Every structure is written in structure tokens, then in C-alpha cells.
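One structure is given below, encoded as C-alpha cells.
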Amino acid sequence: MRILGINAYHGDASAALVADGQLVAAIEEERFNRIKHWAGFPGESVRYCLNFAGLTIEDIDHVAISFDPRANLRRRIGFVMSQRPSISAIWSRVKRQGRVVGLRAQLAEACGCSEADIRAPIHRVEHHLAHVYSAFHVSPFEEAAILSVDGMGDFVSTLTARGRGVECEVFNRTYYPHSLGFLYNAVTLYLGFPAYGDEYKVMGLAPYGKPTYLDLFRRIVFPKGDGFELNMEYFTHHKRGISMTWENGAPIVAPFHSDRLERELGPAREPRSEVTERHQDIAASLQAVTEEILFHLLVRLHERTRSDRVCIAGGVAMNSVANGKVTLNTPFKEVYVPGGAADNGTSFGAAFYVWHKILGKPRDFILDHAYWGWEASERACLDAIRAADLPHDAMEEEAMLDRVASALCEGMIVGWFCERMEFGARALGNRSLLADPRRADMRDVINLKIKFREKFRPFAPSILEERVAEYFEIDAPSPFMEKVFQVKVDKRAVIPAVTHVDGSGRLQTVSRRTNPRYWALIKRFEEKTGVPVLLNTSLNENEPIVRTPQEAISCFLRTRMDALVLGNHFVTRREGDRAVD
């Protein structure tokens, strides 16, 4: 039984293939077209999933998409009747829904066949139910509370539920226009970070400030019953809608805060202008109120479920700072956040919804790693190196591990490209840029010479999963780099390059079982230094994470990284070469 899952016309368009209850492949469209957060139809992703499994679209038994225009229809009609939003806002929504109605034709075009060749029924899965099935139903828990929270999907921003086995009992929905994701997005735009997905920059900025505006933010968003509400006097989206365009597939969102917000917080920051103490304090206040609302939702959810475990998904679940504090601020003892917690993961969430809810099949899969994407052969790596005419050494595994670990000890920055690409926003050891976490200046070096990004943004520590308790205040797995924990005080000077200004680190725990090569590299580094940690950031430069050997080499040549590992080849620069300025 083969199920093709699709996330289309949301940010991070993606596709996934589930066969007999097992995830087989998953990938985002941005990795092919090189446009961050692509929001169109994921044709290349669909073709990859089919090709990887040796299938054609005719072999697919079911197709699932994580968007249902019919969901919560009475609520939608009631909102239009009571609020009377602008015609342009209504028309924008109608056009988007029309794209999904024509899904069969788009799928046929992507697969180079006729609509008649697609025999599989198409299931439209409510957006937040796709999030639910992307979290609990692939978690290691037999029973758990579930929280799905994001910007908006199918007129809902937040959903709470309980999962038992294959069953899912929905408790509460928070409807448009109230949205914690919209709040964070609106203030991100106000703070002068205009790109879709820039919320993580505000999260990284927050520890530099103090929550001096917290009382104001508590008037902007506040708990209500099992949910929360926004004070709509600070926003415009309920009247004008949110102006989102997909220029070449990259989502662009126009600011939607009201004049009142600027009267009380001051003028909005212009992009690329100086980040001041006021901006830092606003970021800190936003993060603090977001955590308060999340913890309120979780405490009320625990009162209802009395479960020790919770699964969290949705765009707001990308707030790794909040995720790391859940067990400290709520009664929950275990937290599962899947790889692809944002809209990208709804592709496999929709597929598992069909598998469990529609087909009634049992659970037999745990998502414990993210390596579901495209892979380059050794021949492809070698051909790309030769085409670029770069010096390289082919090496056996042990020699490669030793050479890379030694290079890192010498202060070199090394690109690390191997095996199947990660699904989701994080590089987790297969498309990574690696460095020595002991060097206090390494964060600034990478930010300024390779990433060309804001200096306040932190880098992540990858640590052997069996050594977490020695370096962090909480001993818990974090395979998807989805939680921020405090670094132990006596270890902060040991790994300063991956310790943020507030003493925290967004760690990735590395398992010998799920990524033996990356685990072995960290282990070899530990043998040389006594430190079982590497600085890990994504192998890219203001672009989606690289997919192919050619893209990795291009990134290598235009930045100032010192070496690049492509499969079993250690690549260096030609004598006298330098990065392109």
C-alpha cells in the first residue's frame, strides 16, 4: 500500500512517500529549485519520491494533501458574515483554494502523464490533523497529549488532542484570526526581518534583550479558557487579510500590524538598519509572552489528559527555545517534536492520516532520524570534483575520520556532505558545515566569512547522545535539533562557540544507530580533544541547504571554508585560490 503525501501552496512545499506504514522518502521542493520556503506545487519532490522507490504515479494507491477547503466551513462563513473582510482578502483565499481543487491535473503534469493515469483517490486532510499525524503517530509514545500550533491552516491556528494507539481525540481548536504564529510573524516583520521564516532570527536575538515590554505584550495576547486570544486592535489581518504573494514560489508576507502597535512600541525597524537595545528588548518580550501562552496551553492540556508525554507540531513548534523549557514549566515529563515540525512535515503527516485513519492500519513506524532525502553516488561526487578541477584525496573511512578531526582541531572549517540529505530545516550531519566548538572566535568567523549573516545568531552543538548529561542541564534526546537546553556552567568555557549569550545551546544528539558516520567523526574528535561535541551549521550560504555535489562545491568556492568532504573525497583549494568576494 503506497501513499503519496503532499504539502502544496503552503510555505515549505514538500512530498513524502509512505509504503506499508513506513516512511520511505521525504523532501522539500526548495532543495531542487533553490528558492527558500517555496510555496507552489512540489513537482520535483513528487518525482524524487517516486523515483527513489522505483515507482510511477500509476503505482500509487492513495494521494493525500494537507489542505482541505471544506474544513471548518461554518466557522469561515460565520467570520465573513460578522467581520466582512475586504474583497481582496476573500479573493486571495478563493484563488489558493482553486489551486488545490485542480490537484489531479497538477499531479499529472508533474508526472508527465494524463489525469486518467492517476487511479489513486485524492484525500484532502485538514491542515492541523496532518500536523497531529506527523507528530504523535510517528512518535515513540503509545499514548500522549498533542499540541499543534502554527500561523494558520484551514482557518485554525491551534489544535489540542490526545492520541492513543492509532486513535486521535480532538479537544479544542483556536480559529482565525487568533494565532500565536501570526503574532510572532507580525512582530518579526515589525522588527525588520522581512523574509518568510525569519522568526528564528528574532528567537536568536531575544537573549540579548530584557522583556521590558512584557506587560504590553500581555495586552496583545492573553489566555482564554483552554486557548488564547489576540487583541485585534494591534493587527489588521482580520479586516484586510494577510497579503502573501508567491513570487517565483518564495512566500512574501506584507506587514500586518496596526498603527497602534507602533504608537506603543515605537517605529518599525527598517530592514538592514542597526539593531538597537530597544529591538532586543522587544524580541525578548515577544519570546517571553510566546512561552507564557504555550505553557498555558500545555498546562490546560495536561489537566485534561493527565499524560506524562506530549507531542508538539506546527510552525510554532520550531521555537526550540520554548520546546526546551516545556518539562521545566509544565507537568509533562517527555516531549516529542518531529523533524519537519513545520508545514513541510504535513506531507508525511497527511500520508500517515490516510494509513491510520482512513485505512485503519496499526502503527509500526517511529520517526527517529531525518535522513529521507536525495543522495549522491560516489561517482557523482568524483565527477563534480573533476569538473571543478579541485585537488582531492580519495580516502578509506578511518583515514577520512582522522583527517577531518585533525583539520577541525587545527581550526579549519569543513563542509561535510554524505549519504541521504536531511528532511526539515536543520542540517543534521549529512549536509553540514563543521568546526571546533572550543574556539571562542569560531562563531564570528563563520558568520562573517562563510554565512554572511547577523552576528547575534548562534550555532548548534552536535553531541554524542550518550554524553548529553555531561554538558547540558537536561538529559534528553534531541535528534532533530528541536530543543534548546542550558549548557552546564562548568562546560560553557569548554564549548564557547556553541554556547549562546544566555548560556544555552540548541543541541543535536547524534546516535550511533541512525547516523554511524557522523557519530564516528564526533567520537574521533573526542579522542583527540576530550570534547564529544562539534559545531554544526547547515552547508549553505543564504540559500537552501545544498543538495548536490555541484552545489556543495559552489558553496565551497564562494565562501572561505577550508575543506570539503564529498562522500569519500577530501577536497581542498587549488594553490593560490581564494573565495569569491
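By convention here, the chains of the C-alpha cells are called A, B, ... in the order presented, each chain's residues are numbered starting at 1, and ligands are numbered starting at 1 in the order presented.
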
All residues 7 Å or closer to stretch 566-573 of chain A, only C-alpha atoms, same chain fewer than 6 positions away omitted, as a PDB file with N, CA and C atoms, in the first residue's frame:
```pdb
ATOM      1  N   GLU A 378      29.010   7.934  -5.199  1.00  0.00           N
ATOM      2  CA  GLU A 378      30.432   8.270  -5.173  1.00  0.00           C
ATOM      3  C   GLU A 378      30.903   8.732  -6.549  1.00  0.00           C
ATOM      4  N   CYS A 381      29.951  12.344  -7.026  1.00  0.00           N
ATOM      5  CA  CYS A 381      30.848  13.224  -6.255  1.00  0.00           C
ATOM      6  C   CYS A 381      32.173  13.404  -7.002  1.00  0.00           C
ATOM      7  N   LEU A 390      39.445  20.433  -8.854  1.00  0.00           N
ATOM      8  CA  LEU A 390      39.887  20.729  -7.492  1.00  0.00           C
ATOM      9  C   LEU A 390      40.784  19.609  -6.967  1.00  0.00           C
ATOM     10  N   PRO A 391      41.800  19.953  -6.177  1.00  0.00           N
ATOM     11  CA  PRO A 391      42.627  18.928  -5.541  1.00  0.00           C
ATOM     12  C   PRO A 391      41.783  18.088  -4.585  1.00  0.00           C
ATOM     13  N   HIS A 392      42.025  16.801  -4.567  1.00  0.00           N
ATOM     14  CA  HIS A 392      41.245  15.942  -3.685  1.00  0.00           C
ATOM     15  C   HIS A 392      41.991  14.650  -3.426  1.00  0.00           C
ATOM     16  N   ASP A 393      41.654  14.028  -2.312  1.00  0.00           N
ATOM     17  CA  ASP A 393      42.203  12.723  -1.954  1.00  0.00           C
ATOM     18  C   ASP A 393      41.042  11.782  -1.673  1.00  0.00           C
ATOM     19  N   ALA A 394      41.047  10.631  -2.340  1.00  0.00           N
ATOM     20  CA  ALA A 394      40.096   9.574  -2.008  1.00  0.00           C
ATOM     21  C   ALA A 394      40.635   8.817  -0.806  1.00  0.00           C
ATOM     22  N   MET A 395      39.772   8.596   0.203  1.00  0.00           N
ATOM     23  CA  MET A 395      40.261   8.044   1.456  1.00  0.00           C
ATOM     24  C   MET A 395      39.326   6.971   1.986  1.00  0.00           C
ATOM     25  N   GLU A 396      39.891   5.982   2.638  1.00  0.00           N
ATOM     26  CA  GLU A 396      39.100   5.000   3.369  1.00  0.00           C
ATOM     27  C   GLU A 396      38.490   5.667   4.607  1.00  0.00           C
ATOM     28  N   TRP A 416      30.746  19.066   5.121  1.00  0.00           N
ATOM     29  CA  TRP A 416      30.598  17.615   5.316  1.00  0.00           C
ATOM     30  C   TRP A 416      29.350  17.176   4.553  1.00  0.00           C
ATOM     31  N   PHE A 417      29.545  16.473   3.436  1.00  0.00           N
ATOM     32  CA  PHE A 417      28.476  16.102   2.512  1.00  0.00           C
ATOM     33  C   PHE A 417      28.533  14.597   2.306  1.00  0.00           C
ATOM     34  N   CYS A 418      27.475  13.891   2.721  1.00  0.00           N
ATOM     35  CA  CYS A 418      27.479  12.440   2.547  1.00  0.00           C
ATOM     36  C   CYS A 418      26.065  11.888   2.690  1.00  0.00           C
ATOM     37  N   PRO A 549      26.433  17.462  -5.206  1.00  0.00           N
ATOM     38  CA  PRO A 549      27.858  17.754  -5.100  1.00  0.00           C
ATOM     39  C   PRO A 549      28.230  19.081  -5.769  1.00  0.00           C
TER      40      PRO A 549
END
```

Can you tell me, as number ranges by chain, which residues in stretch 150-275 of chain A count as strand (DSSP E or B) by DSSP? A: 150-153, 156-164, 167-175, 195, 221-224, 227-230, 235, 244-247, 250-253, 257

Min atom-atom distance to A:Ser462 from the set A:Gly225, A:Gly429, A:Gly197, A:Pro477, counting only C-alpha atoms, belongs to A:Gly429

Enumerate as a ChimeraX atom specification all residues of stretch 174-209 of chain A assigned to alpha helix (DSSP H) by DSSP on the backbone, naming them with the chain letters and numbers the document uses. /A:180-190,199-205

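Look at A:Leu55: the protein and nucleic acid residues within 12 Å of it, using only C-alpha atoms and passing over chain neighbours fewer than 5 places away, are Arg2, Ile3, Leu4, Leu17, Ala19, Val24, Val46, Arg47, Tyr48, Cys49, Leu50, Ile60, Asp61 and Cys111 of chain A.
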
List the neighbours of A:Ala250 out to 6 Å using only C-alpha atoms; skip same-chain residues closer than 4 positions along the sequence, and give me the result as a VMD selection string. chain A and resid 37 to 38 246

Mind dumping the selected residues with all heavy atoms as a compact mmCIF listing (two decimals), in the first residue's frame?
```txt
# COMPACT_ATOMS: atom_id res chain seq x y z
N HIS A 37 11.79 28.17 1.09
CA HIS A 37 10.40 28.10 1.54
C HIS A 37 9.40 28.10 0.38
O HIS A 37 8.28 28.59 0.52
CB HIS A 37 10.08 29.24 2.52
CG HIS A 37 10.97 29.30 3.71
ND1 HIS A 37 11.01 28.31 4.66
CD2 HIS A 37 11.89 30.23 4.10
CE1 HIS A 37 11.89 28.62 5.60
NE2 HIS A 37 12.45 29.77 5.28
N TRP A 38 9.78 27.56 -0.76
CA TRP A 38 8.93 27.52 -1.94
C TRP A 38 7.50 27.13 -1.56
O TRP A 38 7.26 26.19 -0.80
CB TRP A 38 9.51 26.51 -2.93
CG TRP A 38 8.63 26.17 -4.09
CD1 TRP A 38 7.70 25.18 -4.16
CD2 TRP A 38 8.61 26.81 -5.37
NE1 TRP A 38 7.12 25.15 -5.40
CE2 TRP A 38 7.65 26.14 -6.16
CE3 TRP A 38 9.32 27.88 -5.93
CZ2 TRP A 38 7.39 26.51 -7.48
CZ3 TRP A 38 9.06 28.23 -7.23
CH2 TRP A 38 8.10 27.56 -7.99
N TRP A 246 3.51 34.79 -3.85
CA TRP A 246 4.49 33.73 -4.11
C TRP A 246 5.28 34.11 -5.35
O TRP A 246 5.06 33.58 -6.44
CB TRP A 246 3.81 32.39 -4.31
CG TRP A 246 3.14 31.89 -3.07
CD1 TRP A 246 3.73 31.32 -2.00
CD2 TRP A 246 1.75 31.93 -2.77
NE1 TRP A 246 2.80 30.98 -1.05
CE2 TRP A 246 1.57 31.35 -1.49
CE3 TRP A 246 0.63 32.41 -3.45
CZ2 TRP A 246 0.31 31.22 -0.90
CZ3 TRP A 246 -0.61 32.28 -2.86
CH2 TRP A 246 -0.76 31.70 -1.60
```

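Among A:Arg164, A:Thr174, A:His279, A:Tyr184, the residue with the shortest atom-to-atom distance to A:Thr212, counting only C-alpha atoms, is A:His279.
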
A:Gly373 surroundings by only C-alpha atoms, 6 Å radius, close-in-sequence under 4 positions cut, as a list of chain:residue names: A:Ala26, A:Ile27, A:Arg420, A:Met421, A:Glu422

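Each of A:Asn344, A:Ser139, A:Thr160, A:Asn323 was compared to A:Leu507 using only C-alpha atoms, and A:Asn323 turns out to be the nearest.
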
Neighbouring residues of A:Lys201 were defined as those with any atom within 10 Å, considering only C-alpha atoms; residues of the same chain fewer than 4 positions away were excluded. Please report them as a ChimeraX atom specification. /A:188,193,197,205-206,283,454,456-458

Residues within 7 Å of A:Ser320, please, as a CSV table (one decimal) with N, CA, C and O atoms, in the first residue's frame. Count only C-alpha atoms; anything in the same chain fewer than 4 positions from it doesn't count.
```csv
chain,number,residue,atom,x,y,z
A,324,GLY,N,12.6,23.5,24.7
A,324,GLY,CA,13.5,23.1,25.7
A,324,GLY,C,13.1,23.4,27.2
A,324,GLY,O,13.6,22.8,28.1
A,482,GLU,N,15.8,20.2,17.9
A,482,GLU,CA,14.5,20.9,18.1
A,482,GLU,C,14.3,21.5,19.5
A,482,GLU,O,13.3,22.0,19.8
A,483,LYS,N,15.3,21.3,20.3
A,483,LYS,CA,15.2,21.9,21.7
A,483,LYS,C,16.5,22.6,22.1
A,483,LYS,O,17.6,22.2,21.7
A,484,VAL,N,16.3,23.7,22.8
A,484,VAL,CA,17.4,24.5,23.4
A,484,VAL,C,17.5,24.2,24.9
A,484,VAL,O,16.5,24.3,25.6
```

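The closest residue to A:Leu294, picked from A:Pro271, A:Pro207, A:Gly503, A:Gly181 and counting only C-alpha atoms, is A:Gly181.
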
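The smallest atom-to-atom distance between A:Ala13 and any of A:Leu180, A:Gly340, A:Asn329, A:Tyr371, using only C-alpha atoms, is found for A:Gly340.
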
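For the set A:Trp374, A:Phe235, A:Tyr190, A:Phe295, the residue with the smallest atom-to-atom gap to A:Glu270 is A:Tyr190, counting only C-alpha atoms.
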
Sorted by chain and rising residue number, list the residues of stretch 327-394 of chain A at most 6 Å from stretch 297-317 of chain A (counting only C-alpha atoms), each with its closest atom pair and distance in Å to one decimal, as CSV.
```
residue,atom,partner,partner_atom,distance
A:Thr330,CA,A:Val299,CA,5.6
A:Phe332,CA,A:Asp308,CA,4.8
A:Lys333,CA,A:Asp308,CA,5.2
A:Glu334,CA,A:Arg309,CA,4.7
A:Val335,CA,A:Val310,CA,5.1
A:Tyr336,CA,A:Cys311,CA,4.7
A:Val337,CA,A:Ile312,CA,5.2
A:Ala341,CA,A:Ala313,CA,4.9
A:Ala342,CA,A:Gly315,CA,4.2
```
